[in-house]
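Enquirer: File name data21.csv; file contents CSV, C-alpha atoms and all ligand atoms; full text below.
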chain,number,residue,atom,x,y,z
A,1,MET,CA,26.7,3.3,20.4
A,2,PRO,CA,28.4,5.6,17.8
A,3,GLU,CA,27.9,9.2,18.8
A,4,HIS,CA,26.2,10.3,15.6
A,5,LEU,CA,23.4,7.7,16.1
A,6,ASP,CA,20.5,8.5,18.4
A,7,ARG,CA,18.8,5.5,20.1
A,8,ARG,CA,16.1,5.3,17.4
A,9,ASP,CA,18.6,5.4,14.5
A,10,PHE,CA,20.6,2.8,16.3
A,11,LEU,CA,17.6,0.5,16.7
A,12,ALA,CA,16.6,1.0,13.1
A,13,ALA,CA,20.1,0.2,11.9
A,14,GLY,CA,20.1,-2.9,14.0
A,15,ALA,CA,16.8,-4.0,12.6
A,16,ILE,CA,18.0,-3.6,9.0
A,17,ALA,CA,21.2,-5.4,9.8
A,18,GLY,CA,19.2,-8.2,11.5
A,19,ALA,CA,17.1,-8.6,8.4
A,20,SER,CA,20.2,-8.7,6.2
A,21,LEU,CA,21.6,-11.5,8.2
A,22,ALA,CA,18.7,-13.7,7.3
A,23,PHE,CA,19.2,-13.0,3.6
A,24,PRO,CA,21.2,-15.3,1.4
A,25,ALA,CA,24.8,-14.2,0.8
A,26,THR,CA,24.2,-13.9,-2.9
A,27,VAL,CA,21.6,-11.3,-2.2
A,28,LEU,CA,23.9,-9.3,0.0
A,29,GLY,CA,26.2,-8.1,-2.7
A,30,ALA,CA,27.3,-4.5,-3.0
A,31,PRO,CA,24.4,-2.3,-4.1
A,32,SER,CA,24.5,-2.1,-7.9
A,33,VAL,CA,22.1,0.9,-8.2
A,34,ARG,CA,23.6,3.7,-6.1
A,35,ARG,CA,22.1,7.0,-5.5
A,36,SER,CA,23.5,9.5,-7.9
A,37,CYS,CA,23.7,13.2,-7.1
A,38,ALA,CA,21.9,14.0,-10.3
A,39,ALA,CA,18.9,11.7,-10.2
A,40,ARG,CA,15.9,12.1,-12.5
A,41,PRO,CA,13.1,13.4,-10.3
A,42,VAL,CA,9.9,11.4,-10.6
A,43,VAL,CA,6.8,10.5,-8.5
A,44,ILE,CA,4.9,7.2,-9.2
A,45,ALA,CA,1.8,5.8,-7.6
A,46,SER,CA,-1.0,3.3,-8.1
A,47,ALA,CA,-3.5,4.5,-10.8
A,48,ASN,CA,-5.7,6.3,-8.2
A,49,GLY,CA,-2.7,8.6,-7.8
A,50,ASN,CA,-3.8,10.3,-11.0
A,51,ALA,CA,-7.6,10.1,-10.5
A,52,SER,CA,-8.7,12.1,-7.4
A,53,ARG,CA,-8.2,15.9,-7.7
A,54,ASN,CA,-7.9,18.6,-5.1
A,55,ALA,CA,-9.6,22.0,-5.3
A,56,ASP,CA,-7.0,23.2,-7.7
A,57,GLY,CA,-7.6,20.2,-10.0
A,58,LYS,CA,-4.3,18.6,-9.2
A,59,SER,CA,-3.8,14.8,-8.8
A,60,CYS,CA,-1.7,13.1,-6.1
A,61,VAL,CA,1.4,12.5,-8.4
A,62,GLN,CA,1.1,16.0,-9.9
A,63,LEU,CA,1.0,17.8,-6.5
A,64,ALA,CA,3.7,15.6,-5.0
A,65,TYR,CA,6.0,16.1,-8.0
A,66,GLU,CA,5.5,19.9,-8.1
A,67,ARG,CA,6.2,20.2,-4.4
A,68,MET,CA,9.2,17.9,-4.5
A,69,VAL,CA,10.9,19.7,-7.4
A,70,GLY,CA,10.0,23.0,-5.6
A,71,GLY,CA,12.2,21.9,-2.7
A,72,THR,CA,9.7,20.4,-0.2
A,73,ASP,CA,11.0,17.3,1.7
A,74,VAL,CA,10.2,14.3,-0.5
A,75,LEU,CA,8.1,12.5,2.1
A,76,ASP,CA,6.1,15.7,2.9
A,77,ALA,CA,5.4,16.1,-0.8
A,78,LEU,CA,4.3,12.5,-1.2
A,79,ILE,CA,2.0,12.7,1.8
A,80,ALA,CA,0.4,15.9,0.6
A,81,GLY,CA,-0.3,14.0,-2.6
A,82,VAL,CA,-1.9,10.9,-1.0
A,83,ASN,CA,-3.9,13.3,1.3
A,84,ILE,CA,-5.9,14.2,-1.9
A,85,VAL,CA,-6.9,10.6,-2.3
A,86,GLU,CA,-7.5,10.0,1.4
A,87,LEU,CA,-9.9,13.0,1.5
A,88,ASP,CA,-11.7,12.1,-1.7
A,89,PRO,CA,-15.1,10.6,-0.7
A,90,ALA,CA,-15.4,9.0,-4.2
A,91,ASP,CA,-12.3,6.8,-3.6
A,92,SER,CA,-13.7,4.0,-1.6
A,93,SER,CA,-10.4,2.3,-1.1
A,94,VAL,CA,-8.5,4.9,0.9
A,95,GLY,CA,-9.1,7.2,3.9
A,96,TYR,CA,-12.5,9.0,4.3
A,97,GLY,CA,-15.2,7.0,2.6
A,98,GLY,CA,-13.1,3.8,2.4
A,99,LEU,CA,-15.2,0.6,2.4
A,100,PRO,CA,-15.7,-0.4,6.1
A,101,ASN,CA,-15.1,-3.6,7.9
A,102,ALA,CA,-17.7,-6.3,8.6
A,103,ASP,CA,-19.2,-4.3,11.4
A,104,GLY,CA,-19.6,-1.2,9.2
A,105,VAL,CA,-16.6,0.7,10.8
A,106,VAL,CA,-13.9,2.3,8.6
A,107,GLN,CA,-10.5,1.1,9.9
A,108,LEU,CA,-7.5,2.6,8.1
A,109,ASP,CA,-3.8,1.5,7.7
A,110,SER,CA,-0.8,3.5,6.5
A,111,CYS,CA,3.0,3.6,6.7
A,112,CYS,CA,5.7,5.8,5.4
A,113,MET,CA,9.5,5.7,5.1
A,114,HIS,CA,12.0,8.4,4.8
A,115,GLY,CA,15.0,7.1,2.8
A,116,PRO,CA,17.7,9.7,3.7
A,117,ARG,CA,16.8,9.8,7.4
A,118,LYS,CA,16.2,6.0,7.7
A,119,ARG,CA,13.1,6.5,9.7
A,120,ALA,CA,9.7,5.0,9.4
A,121,GLY,CA,6.2,5.1,11.0
A,122,GLY,CA,2.9,3.4,10.6
A,123,VAL,CA,-0.6,3.0,11.9
A,124,ALA,CA,-3.1,0.1,11.6
A,125,ALA,CA,-6.8,-0.4,12.3
A,126,LEU,CA,-7.0,3.4,13.0
A,127,GLU,CA,-10.6,4.7,13.3
A,128,GLY,CA,-11.8,8.3,13.1
A,129,VAL,CA,-8.9,10.1,11.3
A,130,ARG,CA,-9.4,10.8,7.6
A,131,THR,CA,-5.7,11.0,6.8
A,132,PRO,CA,-3.9,8.0,8.4
A,133,SER,CA,-0.7,8.9,6.4
A,134,LEU,CA,-0.3,12.0,8.5
A,135,VAL,CA,-0.6,9.9,11.7
A,136,ALA,CA,2.0,7.5,10.3
A,137,ARG,CA,4.2,10.5,9.6
A,138,ALA,CA,3.6,11.6,13.2
A,139,VAL,CA,4.7,8.2,14.5
A,140,LEU,CA,7.9,8.5,12.4
A,141,GLU,CA,8.6,12.0,13.8
A,142,ASN,CA,7.5,11.7,17.4
A,143,THR,CA,8.1,8.2,18.7
A,144,ASP,CA,10.7,5.5,19.0
A,145,HIS,CA,8.3,3.0,17.3
A,146,HIS,CA,7.4,2.0,13.8
A,147,LEU,CA,3.8,0.9,14.2
A,148,LEU,CA,0.8,1.9,16.5
A,149,VAL,CA,-2.5,0.1,16.2
A,150,GLY,CA,-6.2,0.4,17.0
A,151,ALA,CA,-7.2,2.4,20.1
A,152,GLY,CA,-3.6,3.2,20.9
A,153,ALA,CA,-3.1,4.7,17.5
A,154,GLN,CA,-6.3,6.8,17.8
A,155,GLN,CA,-5.3,8.0,21.3
A,156,PHE,CA,-1.8,9.0,19.9
A,157,ALA,CA,-3.5,10.9,17.1
A,158,ARG,CA,-5.9,12.6,19.6
A,159,GLN,CA,-3.0,13.6,21.8
A,160,LEU,CA,-1.3,15.2,18.8
A,161,GLY,CA,-4.3,17.3,17.9
A,162,PHE,CA,-5.8,15.2,15.0
A,163,THR,CA,-9.5,15.5,14.7
A,164,ILE,CA,-11.2,12.2,15.7
A,165,GLU,CA,-14.5,11.7,13.9
A,166,PRO,CA,-17.2,9.2,15.1
A,167,ASP,CA,-17.7,7.7,11.6
A,168,LEU,CA,-15.7,7.9,8.4
A,169,ASN,CA,-18.4,6.3,6.2
A,170,THR,CA,-19.9,8.3,3.4
A,171,ALA,CA,-23.4,7.6,2.1
A,172,GLN,CA,-21.8,5.5,-0.7
A,173,SER,CA,-19.6,3.3,1.6
A,174,ARG,CA,-22.5,2.8,4.0
A,175,ALA,CA,-24.9,1.9,1.2
A,176,LEU,CA,-22.4,-0.6,-0.2
A,177,TRP,CA,-21.9,-2.1,3.3
A,178,LEU,CA,-25.7,-2.5,3.7
A,179,GLU,CA,-25.9,-4.2,0.3
A,180,TRP,CA,-23.2,-6.6,1.4
A,181,LYS,CA,-25.1,-7.4,4.6
A,182,ARG,CA,-28.3,-7.9,2.7
A,183,ARG,CA,-26.6,-10.3,0.2
A,184,LEU,CA,-25.2,-12.2,3.1
A,185,ASP,CA,-28.8,-12.9,4.3
A,186,PRO,CA,-28.4,-12.5,8.0
A,187,GLY,CA,-31.7,-14.3,8.5
A,188,HIS,CA,-30.0,-17.6,7.5
A,189,TRP,CA,-26.7,-17.2,9.4
A,190,LEU,CA,-24.2,-19.8,8.3
A,191,ASP,CA,-21.6,-21.5,10.5
A,192,PRO,CA,-18.4,-19.4,10.8
A,193,LYS,CA,-16.3,-21.4,8.2
A,194,GLN,CA,-19.0,-21.3,5.6
A,195,ARG,CA,-19.7,-17.7,6.5
A,196,THR,CA,-16.1,-16.6,5.7
A,197,ALA,CA,-16.2,-18.3,2.3
A,198,GLU,CA,-19.7,-16.9,1.7
A,199,ALA,CA,-18.5,-13.4,2.7
A,200,GLN,CA,-15.7,-13.5,0.1
A,201,ARG,CA,-17.9,-15.0,-2.6
A,202,VAL,CA,-20.5,-12.2,-2.1
A,203,GLY,CA,-17.8,-9.5,-2.0
A,204,LEU,CA,-16.3,-10.7,-5.3
A,205,GLU,CA,-19.8,-11.0,-6.8
A,206,MET,CA,-20.3,-7.3,-6.0
A,207,VAL,CA,-17.0,-6.6,-7.9
A,208,ARG,CA,-18.2,-8.6,-10.9
A,209,ALA,CA,-21.6,-6.9,-10.8
A,210,GLY,CA,-19.7,-3.6,-11.1
A,211,LEU,CA,-20.9,-2.3,-7.7
A,212,ILE,CA,-17.3,-2.0,-6.5
A,213,GLN,CA,-14.3,-1.4,-8.6
A,214,ARG,CA,-11.9,-4.4,-8.5
A,215,ASP,CA,-9.1,-2.1,-7.4
A,216,HIS,CA,-11.2,-0.8,-4.5
A,217,TYR,CA,-12.0,-4.3,-3.0
A,218,TYR,CA,-8.5,-4.4,-1.5
A,219,GLY,CA,-8.1,-0.7,-2.0
A,220,THR,CA,-4.9,1.3,-1.3
A,221,ILE,CA,-2.7,4.0,-2.7
A,222,ASN,CA,1.1,3.6,-2.7
A,223,CYS,CA,3.2,6.7,-3.8
A,224,ASP,CA,7.0,6.8,-4.1
A,225,GLY,CA,9.3,9.6,-5.2
A,226,ILE,CA,12.9,10.6,-5.8
A,227,ASN,CA,14.1,14.2,-6.1
A,228,ALA,CA,17.1,15.6,-8.0
A,229,GLY,CA,19.3,15.0,-5.0
A,230,GLY,CA,18.5,11.3,-5.1
A,231,GLU,CA,16.4,11.4,-1.9
A,232,ILE,CA,13.8,8.6,-2.0
A,233,CYS,CA,10.7,8.3,0.1
A,234,GLY,CA,7.4,6.4,0.0
A,235,VAL,CA,4.0,6.2,1.6
A,236,THR,CA,1.2,3.7,1.5
A,237,THR,CA,-2.3,4.3,2.8
A,238,THR,CA,-5.6,2.3,2.7
A,239,SER,CA,-8.9,1.4,4.2
A,240,GLY,CA,-7.9,-2.2,3.6
A,241,LEU,CA,-10.0,-5.2,2.5
A,242,ALA,CA,-13.6,-4.4,2.1
A,243,TRP,CA,-15.8,-6.0,4.8
A,244,LYS,CA,-12.7,-7.3,6.7
A,245,ILE,CA,-13.0,-8.9,10.1
A,246,PRO,CA,-12.6,-6.0,12.5
A,247,GLY,CA,-9.0,-5.7,13.5
A,248,ARG,CA,-7.7,-7.3,10.3
A,249,VAL,CA,-4.5,-5.6,9.1
A,250,GLY,CA,-3.2,-6.2,5.6
A,251,ASP,CA,0.2,-5.4,4.0
A,252,SER,CA,-0.2,-1.6,3.7
A,253,PRO,CA,1.2,-0.5,7.1
A,254,ILE,CA,3.8,-3.2,7.4
A,255,LEU,CA,7.4,-2.1,6.5
A,256,GLY,CA,8.8,-4.5,3.9
A,257,ALA,CA,5.3,-5.5,2.7
A,258,GLY,CA,3.2,-2.5,1.8
A,259,LEU,CA,6.3,-0.3,1.4
A,260,TYR,CA,10.0,-0.5,1.6
A,261,VAL,CA,12.6,2.2,0.9
A,262,ASP,CA,16.4,2.1,0.8
A,263,ASN,CA,17.8,5.4,-0.1
A,264,ASP,CA,20.8,3.9,-1.9
A,265,ILE,CA,18.7,1.5,-3.9
A,266,GLY,CA,15.1,2.5,-4.5
A,267,ALA,CA,11.5,2.1,-3.3
A,268,ALA,CA,8.7,-0.4,-3.7
A,269,GLY,CA,5.1,-0.4,-2.6
A,270,SER,CA,1.9,-2.4,-3.3
A,271,THR,CA,-1.8,-2.5,-3.7
A,272,GLY,CA,-4.0,-5.6,-3.9
A,273,ARG,CA,-4.4,-8.7,-1.7
A,274,GLY,CA,-2.4,-7.9,1.4
A,275,GLU,CA,-2.2,-11.5,2.7
A,276,ALA,CA,-0.4,-12.6,-0.4
A,277,ASN,CA,2.2,-9.8,-0.1
A,278,LEU,CA,2.6,-10.2,3.7
A,279,TYR,CA,3.6,-13.9,3.3
A,280,GLY,CA,6.6,-12.9,1.2
A,281,LEU,CA,7.4,-9.3,2.4
A,282,CYS,CA,7.5,-8.5,-1.3
A,283,SER,CA,8.4,-4.8,-1.1
A,284,PHE,CA,11.6,-5.7,0.8
A,285,LEU,CA,12.2,-8.5,-1.7
A,286,ILE,CA,11.9,-6.1,-4.6
A,287,VAL,CA,14.3,-3.6,-3.2
A,288,GLU,CA,16.8,-6.5,-2.5
A,289,CYS,CA,16.4,-7.6,-6.2
A,290,LEU,CA,17.1,-4.0,-7.3
A,291,ARG,CA,20.2,-4.2,-5.1
A,292,GLN,CA,21.3,-7.2,-7.2
A,293,GLY,CA,21.0,-5.1,-10.4
A,294,MET,CA,17.5,-6.1,-11.6
A,295,SER,CA,15.4,-3.5,-13.3
A,296,PRO,CA,12.3,-2.3,-11.5
A,297,ARG,CA,10.2,-4.3,-13.8
A,298,ASP,CA,12.1,-7.6,-13.4
A,299,ALA,CA,12.3,-7.1,-9.6
A,300,ALA,CA,8.6,-6.8,-9.3
A,301,LEU,CA,8.0,-9.7,-11.7
A,302,GLU,CA,10.1,-11.8,-9.4
A,303,ALA,CA,7.9,-10.8,-6.5
A,304,CYS,CA,4.8,-11.8,-8.5
A,305,ARG,CA,6.4,-15.2,-9.3
A,306,ARG,CA,7.0,-15.8,-5.6
A,307,ILE,CA,3.4,-15.0,-4.8
A,308,ARG,CA,2.2,-17.3,-7.5
A,309,LYS,CA,4.4,-20.1,-6.1
A,310,ALA,CA,3.3,-19.6,-2.6
A,311,THR,CA,-0.4,-19.6,-3.6
A,312,ILE,CA,-1.4,-23.3,-3.3
A,313,GLU,CA,-4.7,-23.3,-1.4
A,314,LYS,CA,-7.6,-24.2,-3.7
A,315,ARG,CA,-9.8,-21.4,-2.5
A,316,LEU,CA,-7.2,-18.9,-3.8
A,317,LEU,CA,-6.9,-20.6,-7.3
A,318,ASN,CA,-8.9,-20.2,-10.4
A,319,ALA,CA,-9.8,-22.9,-12.9
A,320,ARG,CA,-6.3,-22.7,-14.4
A,321,GLY,CA,-4.7,-23.2,-11.0
A,322,LEU,CA,-3.5,-19.6,-10.9
A,323,PRO,CA,-4.1,-17.0,-8.2
A,324,ASN,CA,-7.7,-15.7,-8.3
A,325,PHE,CA,-6.7,-12.3,-6.9
A,326,GLY,CA,-4.9,-9.2,-8.1
A,327,ILE,CA,-1.8,-7.6,-6.6
A,328,HIS,CA,0.4,-4.8,-8.0
A,329,PHE,CA,3.8,-3.3,-7.2
A,330,TYR,CA,5.1,0.1,-7.9
A,331,VAL,CA,8.9,0.4,-8.1
A,332,LEU,CA,11.5,3.0,-8.6
A,333,ASN,CA,15.2,2.8,-8.4
A,334,ALA,CA,17.9,5.3,-7.5
A,335,ARG,CA,18.2,6.4,-11.1
A,336,GLY,CA,14.6,7.4,-11.2
A,337,GLU,CA,13.7,4.4,-13.5
A,338,HIS,CA,10.3,2.9,-12.6
A,339,ALA,CA,7.7,0.3,-13.3
A,340,GLY,CA,4.2,-0.9,-12.3
A,341,VAL,CA,3.8,-4.6,-12.3
A,342,GLY,CA,0.8,-6.9,-11.5
A,343,MET,CA,-0.3,-10.5,-11.6
A,344,TYR,CA,-2.7,-9.9,-14.5
A,345,PRO,CA,-2.9,-7.4,-17.4
A,346,GLY,CA,-5.2,-4.4,-17.7
A,347,ALA,CA,-3.9,-2.1,-14.9
A,348,SER,CA,-2.0,1.1,-15.1
A,349,TYR,CA,0.0,3.2,-12.7
A,350,ALA,CA,0.4,7.0,-12.2
A,351,VAL,CA,3.6,8.8,-13.1
A,352,CYS,CA,4.6,12.5,-12.9
A,353,ASP,CA,8.0,13.8,-14.1
A,354,GLU,CA,9.1,16.6,-16.4
A,355,ARG,CA,6.6,15.4,-18.9
A,356,GLY,CA,3.6,15.9,-16.5
A,357,PRO,CA,1.1,13.6,-14.9
A,358,ARG,CA,-0.1,10.5,-16.8
A,359,LEU,CA,-1.0,6.8,-16.6
A,360,GLU,CA,1.4,4.2,-17.9
A,361,PRO,CA,0.6,0.5,-18.4
A,362,CYS,CA,1.6,-2.0,-15.8
A,363,THR,CA,3.5,-5.1,-16.9
A,364,ALA,CA,1.7,-8.5,-16.1
A,365,LEU,CA,3.2,-11.8,-15.0
A,366,LEU,CA,0.3,-13.9,-16.3
A,367,GLU,CA,-2.3,-13.7,-19.1
A,368,GLY,CA,-6.1,-13.6,-18.7
A,369,THR,CA,-8.0,-12.5,-15.6
A,370,PRO,CA,-8.0,-13.7,-12.0
A,371,GLU,CA,-11.4,-15.3,-12.6
A,372,ASP,CA,-10.7,-17.5,-15.7
A,401,LIG,N1,-3.4,-4.1,0.2
A,401,LIG,C1,-4.3,-3.6,1.1
A,401,LIG,C2,-4.8,-4.6,2.0
A,401,LIG,O1,-4.7,-5.8,1.7
A,401,LIG,O2,-5.3,-4.3,3.1
Now that the file is in, can you turn its structure into structure tokens?

Expert:
Amino acid sequence: MPEHLDRRDFLAAGAIAGASLAFPATVLGAPSVRRSCAARPVVIASANGNASRNADGKSCVQLAYERMVGGTDVLDALIAGVNIVELDPADSSVGYGGLPNADGVVQLDSCCMHGPRKRAGGVAALEGVRTPSLVARAVLENTDHHLLVGAGAQQFARQLGFTIEPDLNTAQSRALWLEWKRRLDPGHWLDPKQRTAEAQRVGLEMVRAGLIQRDHYYGTINCDGINAGGEICGVTTTSGLAWKIPGRVGDSPILGAGLYVDNDIGAAGSTGRGEANLYGLCSFLIVECLRQGMSPRDAALEACRRIRKATIEKRLLNARGLPNFGIHFYVLNARGEHAGVGMYPGASYAVCDERGPRLEPCTALLEGTPED
């Protein structure tokens, strides 16, 4: 083992090399977007990154940008940003007050990646901690591992002094869960197969009725940043799919799916239907497309195309034969260029740079809506 690599760095390098071996030679060309020493600092996030506010009235992207350009470590700055959303009881897709699983229990997922240090950490199905991104960060800092789950993740958090709460529901998330149960009509329990389909139908019906924001059904915030020195980091955090089977983990805490960072190339992260993203490890795919010279927009459109192609089951298709779900990617490259891209039009993403915090429109692969 080279002397300058510790065991963790060595394993991480090996894992990345292993992944590279499985990739077609054409994708393995020399990186075409290299970190420059004078990058344009920017922080991007899903749209909720410019919605929730802290006590000073700052949004996630705004606080993260200010801290980052003030010299705070990029990942620390991004996590301080997403903590605002995790702690906001009104955001029912992330952290405290996230919509619970089928048993009414809030289970949270998160991961983070530090580009310059080539380290990563994640937690999945974590109960009782409002800010899973901080526990993911602790996994990155304190362990030789990339992902802790369930009771083990909670025990790890307890040992590190995180407050463990018995219940992360708010009055709103519990009321919505009770409404979901009521609509399922437990007095006429269906067989397990029908029940799964019925649960999804009822959940989406609540979205269409305006009880749950579409973005909050699958939830999530992804936030990525690059500082003037070209250091790139990212973090993704979520309460996951509303009413999920207990223990279900989506794309958010999985490196390469909910988030991927290569400090020489860029960062990509996602929100939306995690299962669709997990099948193609799209954040990794997007960063590899950036490596080939694609723009952030085109790289993310390629990921959406792959998802569309891989979606063949009837239950996942609308009347036009197109995916009946939403998914979005947030991408920035090593020059600080960025894009938000989704399957369908209408979404926006949060940006903060020298022009201040704002929403910009996402590009869409398809026309219409997931339903029609
Ligand atoms: N993208 C969030 C989830 O599927 O859990």

Enquirer: Find, counting all atoms listed in the file, the residue in A:Pro116, A:Gly340, A:Gly203, A:Gly326 that gets nearest to ligand LIG 401 (chain A).

Expert: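 So, comparing all the options, the nearest one is A:Gly326.
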
Enquirer: As number ranges by chain, please: the residues near Leu168 of chain A (cut-off 12 Å, only C-alpha atoms, same-chain neighbours under 4 positions excluded).

Expert: A: 86-89, 92, 94-101, 104-108, 126-132, 163-164, 172-174, 239

Enquirer: Counting only C-alpha atoms and all ligand atoms, name the residues that have an atom within 7 Å of an atom of ligand LIG 401 (chain A); the answer should be given as a PyMOL selection string.

Expert: chain A and resi 218-220+238-241+249-252+258+270-275

Enquirer: Per residue of segment 62-124 of chain A within 12 Å of segment 342-361 of chain A, record the nearest atom pair and its distance in Å to one decimal, counting only C-alpha atoms, with rows in chain order and ascending residue number, as a tab-separated table.

Expert:
residue	atom	partner	partner_atom	distance
A:Gln62	CA	A:Pro357	CA	5.5
A:Leu63	CA	A:Cys352	CA	9.1
A:Ala64	CA	A:Cys352	CA	8.5
A:Tyr65	CA	A:Cys352	CA	6.2
A:Glu66	CA	A:Cys352	CA	8.9
A:Arg67	CA	A:Cys352	CA	11.6
A:Met68	CA	A:Asp353	CA	10.5
A:Val69	CA	A:Asp353	CA	9.4
A:Leu78	CA	A:Cys352	CA	11.7
A:Gly81	CA	A:Cys352	CA	11.5

Enquirer: Given the choices A:Val149, A:Val61, A:Cys233, A:Ile245, which gets closest to Asp76 of chain A if the distance is worked out from all atoms listed in the file?

Expert: A:Cys233

Enquirer: Distance atom CA of Val43 of chain A-atom CA of Arg297 of chain A, one decimal place?

Expert: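 Going from atom CA of Val43 of chain A over to atom CA of Arg297 of chain A, I get 16.1 Å.
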
Enquirer: Find the distance between atom CA of Cys362 of chain A and atom CA of Leu285 of chain A and write it in Å to one decimal.

Expert: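 Interatomic distance, atom CA of Cys362 of chain A to atom CA of Leu285 of chain A: 18.8 Å.
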
Enquirer: Please determine, counting only C-alpha atoms, which residue among A:Glu205, A:Glu302, A:Asp103, A:Asp262 has the shortest atom-to-atom distance to Phe329 of chain A.

Expert: A:Glu302

Enquirer: So how far away is atom CA of Pro296 of chain A from atom CA of Asn318 of chain A, in Å?

Expert: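 Rounded to one decimal, the two atoms are 27.8 Å apart.
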
Enquirer: So which residues touch Gly256 of chain A within 10 Å, counting all atoms listed in the file, skipping near sequence neighbours fewer than 2 positions away, as a short mmCIF file (atom, residue, chain, number, x, y, z; two decimals) with C-alpha atoms, in the frame of the given file?

Expert:
data_model
loop_
_atom_site.label_atom_id
_atom_site.label_comp_id
_atom_site.auth_asym_id
_atom_site.auth_seq_id
_atom_site.Cartn_x
_atom_site.Cartn_y
_atom_site.Cartn_z
CA ASP A 251 0.20 -5.40 4.00
CA SER A 252 -0.20 -1.60 3.70
CA PRO A 253 1.20 -0.50 7.10
CA ILE A 254 3.80 -3.20 7.40
CA GLY A 258 3.20 -2.50 1.80
CA LEU A 259 6.30 -0.30 1.40
CA TYR A 260 10.00 -0.50 1.60
CA VAL A 261 12.60 2.20 0.90
CA ALA A 268 8.70 -0.40 -3.70
CA GLY A 269 5.10 -0.40 -2.60
CA ASN A 277 2.20 -9.80 -0.10
CA LEU A 278 2.60 -10.20 3.70
CA GLY A 280 6.60 -12.90 1.20
CA LEU A 281 7.40 -9.30 2.40
CA CYS A 282 7.50 -8.50 -1.30
CA SER A 283 8.40 -4.80 -1.10
CA PHE A 284 11.60 -5.70 0.80
CA LEU A 285 12.20 -8.50 -1.70
CA ILE A 286 11.90 -6.10 -4.60
CA VAL A 287 14.30 -3.60 -3.20
#

Enquirer: Using all atoms listed in the file, can you tell me which of A:Ala300, A:Val207, A:Ala157, A:Ala120 comes closest to Glu141 of chain A?

Expert: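 Using all atoms listed in the file, Glu141 of chain A sits closest to A:Ala120.
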
Enquirer: From the list A:Ala153, A:Cys304, A:Val74, A:Ile79, which residue is nearest Cys60 of chain A when using all atoms listed in the file?

Expert: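 Checking each of A:Ala153, A:Cys304, A:Val74, A:Ile79 against Cys60 of chain A, counting all atoms listed in the file, the winner is A:Ile79.
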
Enquirer: I'd like to know which of A:Gln159, A:Ser110, A:Thr72, A:Thr236 is closest to Ala45 of chain A, using only C-alpha atoms.

Expert: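 Counting only C-alpha atoms, the residue closest to Ala45 of chain A is A:Thr236.
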